[in-house]
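Novice: Let me give you the structure first, and then I'll get to my questions.
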Amino acid sequence: MSILVDAETRVLVQGITGREGSFHTSQMLEYGTKIVAGVTPGAGGRTVHGVPVFDTVAQAVAATQPNASIVYVPAPFAPDAVYEAIDAGIPLVVCITEGIPVLDTLKLYHYARRHGTRLIGPNCPGLITPGQAKLGIMPGYIHRPGPVGIVSRSGTLTYEVVWALTQAGLGQSTAVGIGGDPIIGTSFVDVLELFEADPQTEAIVLIGEIGGTDEETAAAFIHDHVTKPVVGFIAGRTAPPGKRMGHAGAIIAGGQGTAVEKVAALEAAGVRVAERPTQVADLVRQALAARAA
């Protein structure tokens with residue numbers, strides 16, 4: 001099994017005629033993702049890489065029945081694209097777009113929750129179930145199927161850890177990039193809950209960073225509800241307070257959100273926390289061996 005996406009997931013691409021949408025559609029198709037439709041207002045009737053394009057999400061849903069959407073729409077228009085997918089009843093929406101104002105994302109978050117849609121992102125790399133489907137911008141070739149679930153705020157660090165795991169012979173069940181903005185649709189806890197229930201996932205890697213309190217909340221959830229081994233990594237240990245580090249949500253403000261606090265919370269919950277990304281694979285191997293003993 002896997003979580004959220006598999007070989008049967010029927011994908012709609014919003015913004016498919018744009019540069020990013022078109023390029024990543026070709027990459028996702030090459031990986032084997034089942035893309036059934038695209039949407040760009042005013043471009044209905046065209047095809048992109050053999051995928052039919054519709055003017056609206058409602059038209060695409062009526063014709064092709066997608067059950068997931070991925071959004072490559074520029075920031076000024078991305079919120080409306082997500083609203084349109086939610087209103088069309090699509091249960092999973094992945095928003096790659098960065099630069100959406102926090103207040104707009106906050107409204108999207110609550111709208112998606114009220115309508116039963118799971119929103120991943122924005123400002124995220126997407127998610128992948130190796131060998132089955134990828135919805136996003138991650139390089140597919142670094143992944144391989146296996147027992148390790150990954151949830152991360154950082155796209156680049158996800159790739160680095162995935163590659164290290166793959167080289168160590170440790171494949172992945174699903175890798176989920178939840179995004180680096182202060183407000184995101186799906187949290188660490190949401191994904192941990194899914195991995196805990198997934199029989200394929202035998203160990204979990206959590207990649208956090210400075211800023212906010214999501215890692216501390218995840219630590220409390222792990223302590224109370226997760227029976228599988230969890231290995232963590234927190235980026236930004238040397239970041240100066242008050243300076244934003246890459247992601248909009250990665251900032252130490254008012255003395256809160258430090259790496260020290262997050263590492264302490266995770267270790268108190270039984271999580272083995274790596275000091276460097278390259279250590280994660282060894283810690284996962286040790287955790288799986290200890291679990292099997």
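Every chain in the structure tokens has a letter given in the order shown (A, B, ...), and although residue numbers restart at 1 in each chain, ligands are simply numbered from 1 in the order shown.
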So which bits of stretch 45-287 of chain A end up alpha helix (DSSP H) when you DSSP the backbone, as JSON, numbers by chain?

Specialist: {"A": [57, 58, 59, 60, 61, 62, 63, 64, 78, 79, 80, 81, 82, 83, 84, 85, 86, 87, 102, 103, 104, 105, 106, 107, 108, 109, 110, 111, 112, 113, 114, 155, 156, 157, 158, 159, 160, 161, 162, 163, 164, 165, 166, 167, 188, 189, 190, 191, 192, 193, 194, 195, 196, 197, 214, 215, 216, 217, 218, 219, 220, 221, 222, 223, 224, 225, 259, 260, 261, 262, 263, 264, 265, 266, 267, 268, 280, 281, 282, 283, 284, 285, 286, 287]}

Novice: Extract, using only C-alpha atoms, all DNA, RNA and protein residues at most 8 Å from A:Leu194, discarding same-chain residues fewer than 4 positions from it, and format them as a PyMOL selection string.

Specialist: chain A and resi 3+190+198

Novice: So that I have them on file, write out the residues from the current selection with N, CA and C atoms, as a compact mmCIF listing (two decimals), in the first residue's frame.

Specialist:
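result02.txt written:
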# COMPACT_ATOMS: atom_id res chain seq x y z
N ILE A 3 0.26 5.90 0.82
CA ILE A 3 -0.71 6.88 1.30
C ILE A 3 -0.96 7.91 0.20
N ASP A 190 -1.01 15.19 10.39
CA ASP A 190 -1.91 14.57 9.41
C ASP A 190 -1.21 13.42 8.69
N ASP A 198 -0.61 2.86 7.62
CA ASP A 198 -0.23 2.22 6.36
C ASP A 198 0.62 0.98 6.61

Novice: Among stretch 34-281 of chain A, which ones does DSSP place in strand (DSSP E), written as a ChimeraX atom specification?

Specialist: /A:35-39,47-48,51-54,68-71,92-95,118-120,126-129,133-136,145-152,172-177,203-209,230-235,272-274

Novice: Go ahead and write the residues just picked, C-alpha atoms, as a short mmCIF file (atom, residue, chain, number, x, y, z; two decimals), in the first residue's frame.

Specialist:
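Generated file (result.cif):
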data_model
loop_
_atom_site.label_atom_id
_atom_site.label_comp_id
_atom_site.auth_asym_id
_atom_site.auth_seq_id
_atom_site.Cartn_x
_atom_site.Cartn_y
_atom_site.Cartn_z
CA ILE A 35 -2.93 12.23 -15.95
CA VAL A 36 -6.43 12.39 -17.39
CA ALA A 37 -6.95 16.10 -18.00
CA GLY A 38 -5.61 19.62 -17.80
CA VAL A 39 -7.27 22.98 -17.22
CA THR A 47 -4.00 18.96 -25.93
CA VAL A 48 -0.70 19.08 -24.02
CA VAL A 51 -3.63 15.27 -22.42
CA PRO A 52 -6.96 16.99 -23.19
CA VAL A 53 -7.31 20.55 -21.91
CA PHE A 54 -10.56 22.03 -20.57
CA ALA A 68 -6.60 14.49 -7.54
CA SER A 69 -5.46 17.85 -8.86
CA ILE A 70 -2.05 19.47 -8.99
CA VAL A 71 -1.82 23.24 -9.29
CA LEU A 92 -6.94 15.78 -3.05
CA VAL A 93 -5.40 19.07 -4.22
CA VAL A 94 -1.63 19.60 -4.35
CA CYS A 95 -0.58 23.25 -4.71
CA ARG A 118 -7.18 17.45 1.55
CA LEU A 119 -4.90 20.32 0.50
CA ILE A 120 -1.15 19.73 0.33
CA GLY A 126 4.33 17.55 -4.03
CA LEU A 127 4.30 13.86 -3.20
CA ILE A 128 5.38 10.58 -4.72
CA THR A 129 4.63 6.91 -4.25
CA ALA A 133 2.68 7.94 -9.25
CA LYS A 134 4.25 11.30 -8.62
CA LEU A 135 2.39 14.59 -8.29
CA GLY A 136 4.98 17.30 -8.17
CA PRO A 145 9.65 1.47 -3.58
CA GLY A 146 10.18 0.40 0.01
CA PRO A 147 9.19 0.67 3.68
CA VAL A 148 10.19 4.23 4.67
CA GLY A 149 7.60 7.00 4.77
CA ILE A 150 8.90 10.57 4.51
CA VAL A 151 7.22 13.81 5.53
CA SER A 152 9.09 17.07 5.08
CA GLN A 172 10.17 4.68 0.28
CA SER A 173 6.46 3.98 0.70
CA THR A 174 5.42 7.58 0.00
CA ALA A 175 7.33 10.86 0.30
CA VAL A 176 5.21 13.91 1.12
CA GLY A 177 6.45 17.49 0.92
CA ALA A 203 9.66 3.48 9.58
CA ILE A 204 9.11 7.22 9.21
CA VAL A 205 11.49 10.10 8.46
CA LEU A 206 10.41 13.57 9.58
CA ILE A 207 12.33 16.52 8.13
CA GLY A 208 11.61 19.78 9.92
CA GLU A 209 13.18 23.19 10.14
CA VAL A 230 10.72 7.74 13.60
CA VAL A 231 13.98 9.38 12.55
CA GLY A 232 14.16 13.18 12.41
CA PHE A 233 16.26 15.99 11.05
CA ILE A 234 15.88 19.70 11.81
CA ALA A 235 17.35 22.21 9.37
CA ARG A 272 16.33 9.63 16.86
CA VAL A 273 17.42 12.99 15.42
CA ALA A 274 20.28 13.19 12.93
#

Novice: At a cut-off of 8 Å, using only C-alpha atoms, what residues contact A:Thr97? Leave out same-chain residues fewer than 4 positions from it and give the result as a list in words.

Specialist: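 So the residues in contact are Val71, Tyr72, Val73, Pro74, Ala75, Ala78, Pro122, Asn123 and Cys124 of chain A.
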
Novice: Residues near stretch 225-228 of chain A, anyone? I mean within 9 Å using only C-alpha atoms, not counting same-chain ones fewer than 2 positions away, as a list in words.

Specialist: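 Everything that qualifies: Leu192, Glu193, Phe195, Glu196, Thr201, Glu202, Ala203, Ile204, Ala220, Phe221, Ile222, His223, Val230 and Arg291 of chain A.
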
Novice: For those residues, write all heavy atoms to a file as a JSON list (two decimals), in the first residue's frame.

Specialist:
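And here is the file that came out, part.json:
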[["chain", "number", "residue", "atom", "x", "y", "z"],
["A", 192, "LEU", "N", 1.67, 11.83, 9.61],
["A", 192, "LEU", "CA", 2.08, 10.78, 10.56],
["A", 192, "LEU", "C", 0.94, 9.81, 10.83],
["A", 192, "LEU", "O", 1.13, 8.59, 10.93],
["A", 192, "LEU", "CB", 2.55, 11.42, 11.88],
["A", 192, "LEU", "CG", 3.90, 12.15, 11.83],
["A", 192, "LEU", "CD1", 4.07, 12.99, 13.10],
["A", 192, "LEU", "CD2", 5.05, 11.15, 11.70],
["A", 193, "GLU", "N", -0.26, 10.35, 10.96],
["A", 193, "GLU", "CA", -1.43, 9.51, 11.21],
["A", 193, "GLU", "C", -1.65, 8.53, 10.05],
["A", 193, "GLU", "O", -1.96, 7.35, 10.27],
["A", 193, "GLU", "CB", -2.65, 10.41, 11.39],
["A", 193, "GLU", "CG", -3.90, 9.69, 11.88],
["A", 193, "GLU", "CD", -5.01, 10.68, 12.20],
["A", 193, "GLU", "OE1", -5.02, 11.79, 11.65],
["A", 193, "GLU", "OE2", -5.87, 10.32, 13.02],
["A", 195, "PHE", "N", 0.73, 7.45, 7.87],
["A", 195, "PHE", "CA", 1.83, 6.48, 7.85],
["A", 195, "PHE", "C", 1.65, 5.43, 8.95],
["A", 195, "PHE", "O", 1.97, 4.26, 8.74],
["A", 195, "PHE", "CB", 3.17, 7.18, 8.03],
["A", 195, "PHE", "CG", 3.72, 7.80, 6.77],
["A", 195, "PHE", "CD1", 4.35, 9.04, 6.80],
["A", 195, "PHE", "CD2", 3.64, 7.14, 5.55],
["A", 195, "PHE", "CE1", 4.87, 9.61, 5.65],
["A", 195, "PHE", "CE2", 4.15, 7.70, 4.39],
["A", 195, "PHE", "CZ", 4.77, 8.94, 4.44],
["A", 196, "GLU", "N", 1.17, 5.85, 10.09],
["A", 196, "GLU", "CA", 0.97, 4.89, 11.18],
["A", 196, "GLU", "C", -0.06, 3.82, 10.76],
["A", 196, "GLU", "O", 0.07, 2.64, 11.12],
["A", 196, "GLU", "CB", 0.49, 5.63, 12.44],
["A", 196, "GLU", "CG", 0.11, 4.72, 13.62],
["A", 196, "GLU", "CD", 1.29, 3.97, 14.21],
["A", 196, "GLU", "OE1", 2.45, 4.30, 13.89],
["A", 196, "GLU", "OE2", 1.05, 3.03, 15.01],
["A", 201, "THR", "N", 4.40, 1.01, 5.36],
["A", 201, "THR", "CA", 5.36, 1.87, 6.04],
["A", 201, "THR", "C", 5.82, 1.24, 7.35],
["A", 201, "THR", "O", 5.03, 1.01, 8.25],
["A", 201, "THR", "CB", 4.73, 3.25, 6.32],
["A", 201, "THR", "OG1", 4.31, 3.83, 5.08],
["A", 201, "THR", "CG2", 5.73, 4.17, 7.00],
["A", 202, "GLU", "N", 7.14, 0.98, 7.43],
["A", 202, "GLU", "CA", 7.71, 0.36, 8.63],
["A", 202, "GLU", "C", 8.50, 1.35, 9.47],
["A", 202, "GLU", "O", 8.75, 1.11, 10.66],
["A", 202, "GLU", "CB", 8.60, -0.82, 8.23],
["A", 202, "GLU", "CG", 7.85, -1.91, 7.48],
["A", 202, "GLU", "CD", 8.78, -3.02, 7.01],
["A", 202, "GLU", "OE1", 9.91, -3.13, 7.54],
["A", 202, "GLU", "OE2", 8.39, -3.77, 6.09],
["A", 203, "ALA", "N", 8.95, 2.42, 8.86],
["A", 203, "ALA", "CA", 9.66, 3.48, 9.58],
["A", 203, "ALA", "C", 9.33, 4.81, 8.92],
["A", 203, "ALA", "O", 8.92, 4.86, 7.76],
["A", 203, "ALA", "CB", 11.17, 3.24, 9.55],
["A", 204, "ILE", "N", 9.50, 5.89, 9.68],
["A", 204, "ILE", "CA", 9.11, 7.22, 9.21],
["A", 204, "ILE", "C", 10.29, 8.18, 9.38],
["A", 204, "ILE", "O", 10.96, 8.15, 10.41],
["A", 204, "ILE", "CB", 7.89, 7.75, 9.99],
["A", 204, "ILE", "CG1", 6.70, 6.78, 9.86],
["A", 204, "ILE", "CG2", 7.49, 9.15, 9.50],
["A", 204, "ILE", "CD1", 5.57, 7.07, 10.83],
["A", 220, "ALA", "N", 4.67, 15.52, 20.15],
["A", 220, "ALA", "CA", 3.65, 15.10, 21.11],
["A", 220, "ALA", "C", 2.77, 14.01, 20.52],
["A", 220, "ALA", "O", 2.39, 13.03, 21.21],
["A", 220, "ALA", "CB", 2.80, 16.30, 21.53],
["A", 221, "PHE", "N", 2.44, 14.14, 19.23],
["A", 221, "PHE", "CA", 1.61, 13.12, 18.57],
["A", 221, "PHE", "C", 2.38, 11.79, 18.47],
["A", 221, "PHE", "O", 1.82, 10.72, 18.71],
["A", 221, "PHE", "CB", 1.21, 13.60, 17.18],
["A", 221, "PHE", "CG", 0.33, 12.64, 16.43],
["A", 221, "PHE", "CD1", -1.05, 12.62, 16.65],
["A", 221, "PHE", "CD2", 0.86, 11.75, 15.52],
["A", 221, "PHE", "CE1", -1.87, 11.72, 15.98],
["A", 221, "PHE", "CE2", 0.05, 10.84, 14.84],
["A", 221, "PHE", "CZ", -1.31, 10.83, 15.08],
["A", 222, "ILE", "N", 3.65, 11.87, 18.12],
["A", 222, "ILE", "CA", 4.47, 10.65, 18.02],
["A", 222, "ILE", "C", 4.51, 9.95, 19.38],
["A", 222, "ILE", "O", 4.36, 8.72, 19.47],
["A", 222, "ILE", "CB", 5.89, 11.01, 17.55],
["A", 222, "ILE", "CG1", 5.85, 11.46, 16.08],
["A", 222, "ILE", "CG2", 6.84, 9.83, 17.72],
["A", 222, "ILE", "CD1", 7.13, 12.12, 15.60],
["A", 223, "HIS", "N", 4.72, 10.71, 20.42],
["A", 223, "HIS", "CA", 4.79, 10.12, 21.76],
["A", 223, "HIS", "C", 3.52, 9.38, 22.12],
["A", 223, "HIS", "O", 3.54, 8.29, 22.70],
["A", 223, "HIS", "CB", 5.05, 11.23, 22.79],
["A", 223, "HIS", "CG", 5.15, 10.74, 24.20],
["A", 223, "HIS", "ND1", 4.05, 10.58, 25.03],
["A", 223, "HIS", "CD2", 6.22, 10.33, 24.93],
["A", 223, "HIS", "CE1", 4.43, 10.13, 26.20],
["A", 223, "HIS", "NE2", 5.74, 9.96, 26.16],
["A", 230, "VAL", "N", 10.66, 6.47, 14.32],
["A", 230, "VAL", "CA", 10.72, 7.74, 13.60],
["A", 230, "VAL", "C", 12.13, 8.31, 13.72],
["A", 230, "VAL", "O", 12.69, 8.37, 14.81],
["A", 230, "VAL", "CB", 9.70, 8.76, 14.17],
["A", 230, "VAL", "CG1", 9.76, 10.06, 13.36],
["A", 230, "VAL", "CG2", 8.29, 8.19, 14.14],
["A", 291, "ARG", "N", 13.77, -2.90, 15.48],
["A", 291, "ARG", "CA", 12.35, -3.27, 15.50],
["A", 291, "ARG", "C", 12.17, -4.75, 15.14],
["A", 291, "ARG", "O", 11.28, -5.42, 15.66],
["A", 291, "ARG", "CB", 11.58, -2.41, 14.51],
["A", 291, "ARG", "CG", 10.07, -2.52, 14.65],
["A", 291, "ARG", "CD", 9.39, -1.56, 13.72],
["A", 291, "ARG", "NE", 7.97, -1.48, 14.00],
["A", 291, "ARG", "CZ", 7.03, -1.52, 13.06],
["A", 291, "ARG", "NH1", 7.36, -1.63, 11.81],
["A", 291, "ARG", "NH2", 5.76, -1.43, 13.39]]

Novice: Measuring between only C-alpha atoms, which one of A:Pro229, A:Arg114, A:His247, A:Leu103 shows the shortest distance to A:Gly155?

Specialist: A:His247

Novice: So, counting only C-alpha atoms, which residue among A:Ile210, A:Ala85, A:Met138, A:Val284 is closest to A:Tyr111?

Specialist: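 The closest residue to A:Tyr111 is A:Ala85.
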
Novice: Pick out the closest residue to A:Leu165 from this set: A:Thr278, A:Thr186, A:Thr17, A:Gln65. Count only C-alpha atoms.

Specialist: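 Closest candidate: A:Thr278.
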
Novice: Which residue is closest to A:Ala62? Choose from A:Val82, A:Gly131, A:Ala88, A:Pro76 and count only C-alpha atoms.

Specialist: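 Of the candidates, the smallest distance to A:Ala62 is held by A:Ala88.
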
Novice: For A:Gly140, which residue out of A:Leu29, A:Val191, A:Ile100, A:Val260 is the nearest one, using only C-alpha atoms?

Specialist: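 Smallest separation from A:Gly140 among the options: A:Leu29.
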
Novice: Compile the contact shell of A:Val102 as a PyMOL selection string: residues with an atom at most 10 Å away, counting only C-alpha atoms, same-chain residues fewer than 3 positions apart removed.

Specialist: chain A and resi 99+105-108+181-184+248

Novice: Output the selection as a short mmCIF file (atom, residue, chain, number, x, y, z; two decimals), in the first residue's frame - N, CA and C atoms for each residue.

Specialist:
data_model
loop_
_atom_site.label_atom_id
_atom_site.label_comp_id
_atom_site.auth_asym_id
_atom_site.auth_seq_id
_atom_site.Cartn_x
_atom_site.Cartn_y
_atom_site.Cartn_z
N GLY A 99 4.54 31.83 -2.91
CA GLY A 99 4.27 33.26 -2.95
C GLY A 99 2.82 33.63 -2.74
N THR A 105 -3.96 31.85 2.09
CA THR A 105 -3.80 30.44 2.41
C THR A 105 -4.64 30.05 3.61
N LEU A 106 -4.73 30.94 4.59
CA LEU A 106 -5.55 30.65 5.77
C LEU A 106 -7.01 30.42 5.38
N LYS A 107 -7.52 31.26 4.47
CA LYS A 107 -8.89 31.08 4.00
C LYS A 107 -9.04 29.77 3.23
N LEU A 108 -8.03 29.45 2.40
CA LEU A 108 -8.07 28.19 1.64
C LEU A 108 -8.07 26.99 2.58
N ASP A 181 5.61 27.14 4.00
CA ASP A 181 4.95 28.38 4.38
C ASP A 181 4.44 28.32 5.83
N PRO A 182 4.15 29.47 6.43
CA PRO A 182 3.63 29.47 7.81
C PRO A 182 2.29 28.73 7.93
N ILE A 183 1.44 28.82 6.91
CA ILE A 183 0.16 28.11 6.89
C ILE A 183 0.19 27.12 5.74
N ILE A 184 -0.07 25.86 6.03
CA ILE A 184 -0.10 24.82 4.98
C ILE A 184 -1.34 23.96 5.20
N ALA A 248 9.21 30.83 3.90
CA ALA A 248 8.48 31.88 4.60
C ALA A 248 8.22 31.53 6.06
#

Novice: Nearest to A:Gly211: which of A:Ala268, A:Ile96, A:Ala259, A:Ala164 is it, counting only C-alpha atoms?

Specialist: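 Between A:Ala268, A:Ile96, A:Ala259, A:Ala164, the residue approaching A:Gly211 most closely is A:Ala259.
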
Novice: I'd like the interatomic distance between atom CA of A:Ile137 and atom CA of A:Gln279, to a tenth of an Å.

Specialist: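 Rounded to one decimal, the two atoms are 24.7 Å apart.
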
Novice: What's the separation between atom CA of A:Glu30 and atom CA of A:Tyr141, in Å to one decimal place?

Specialist: 10.8 Å
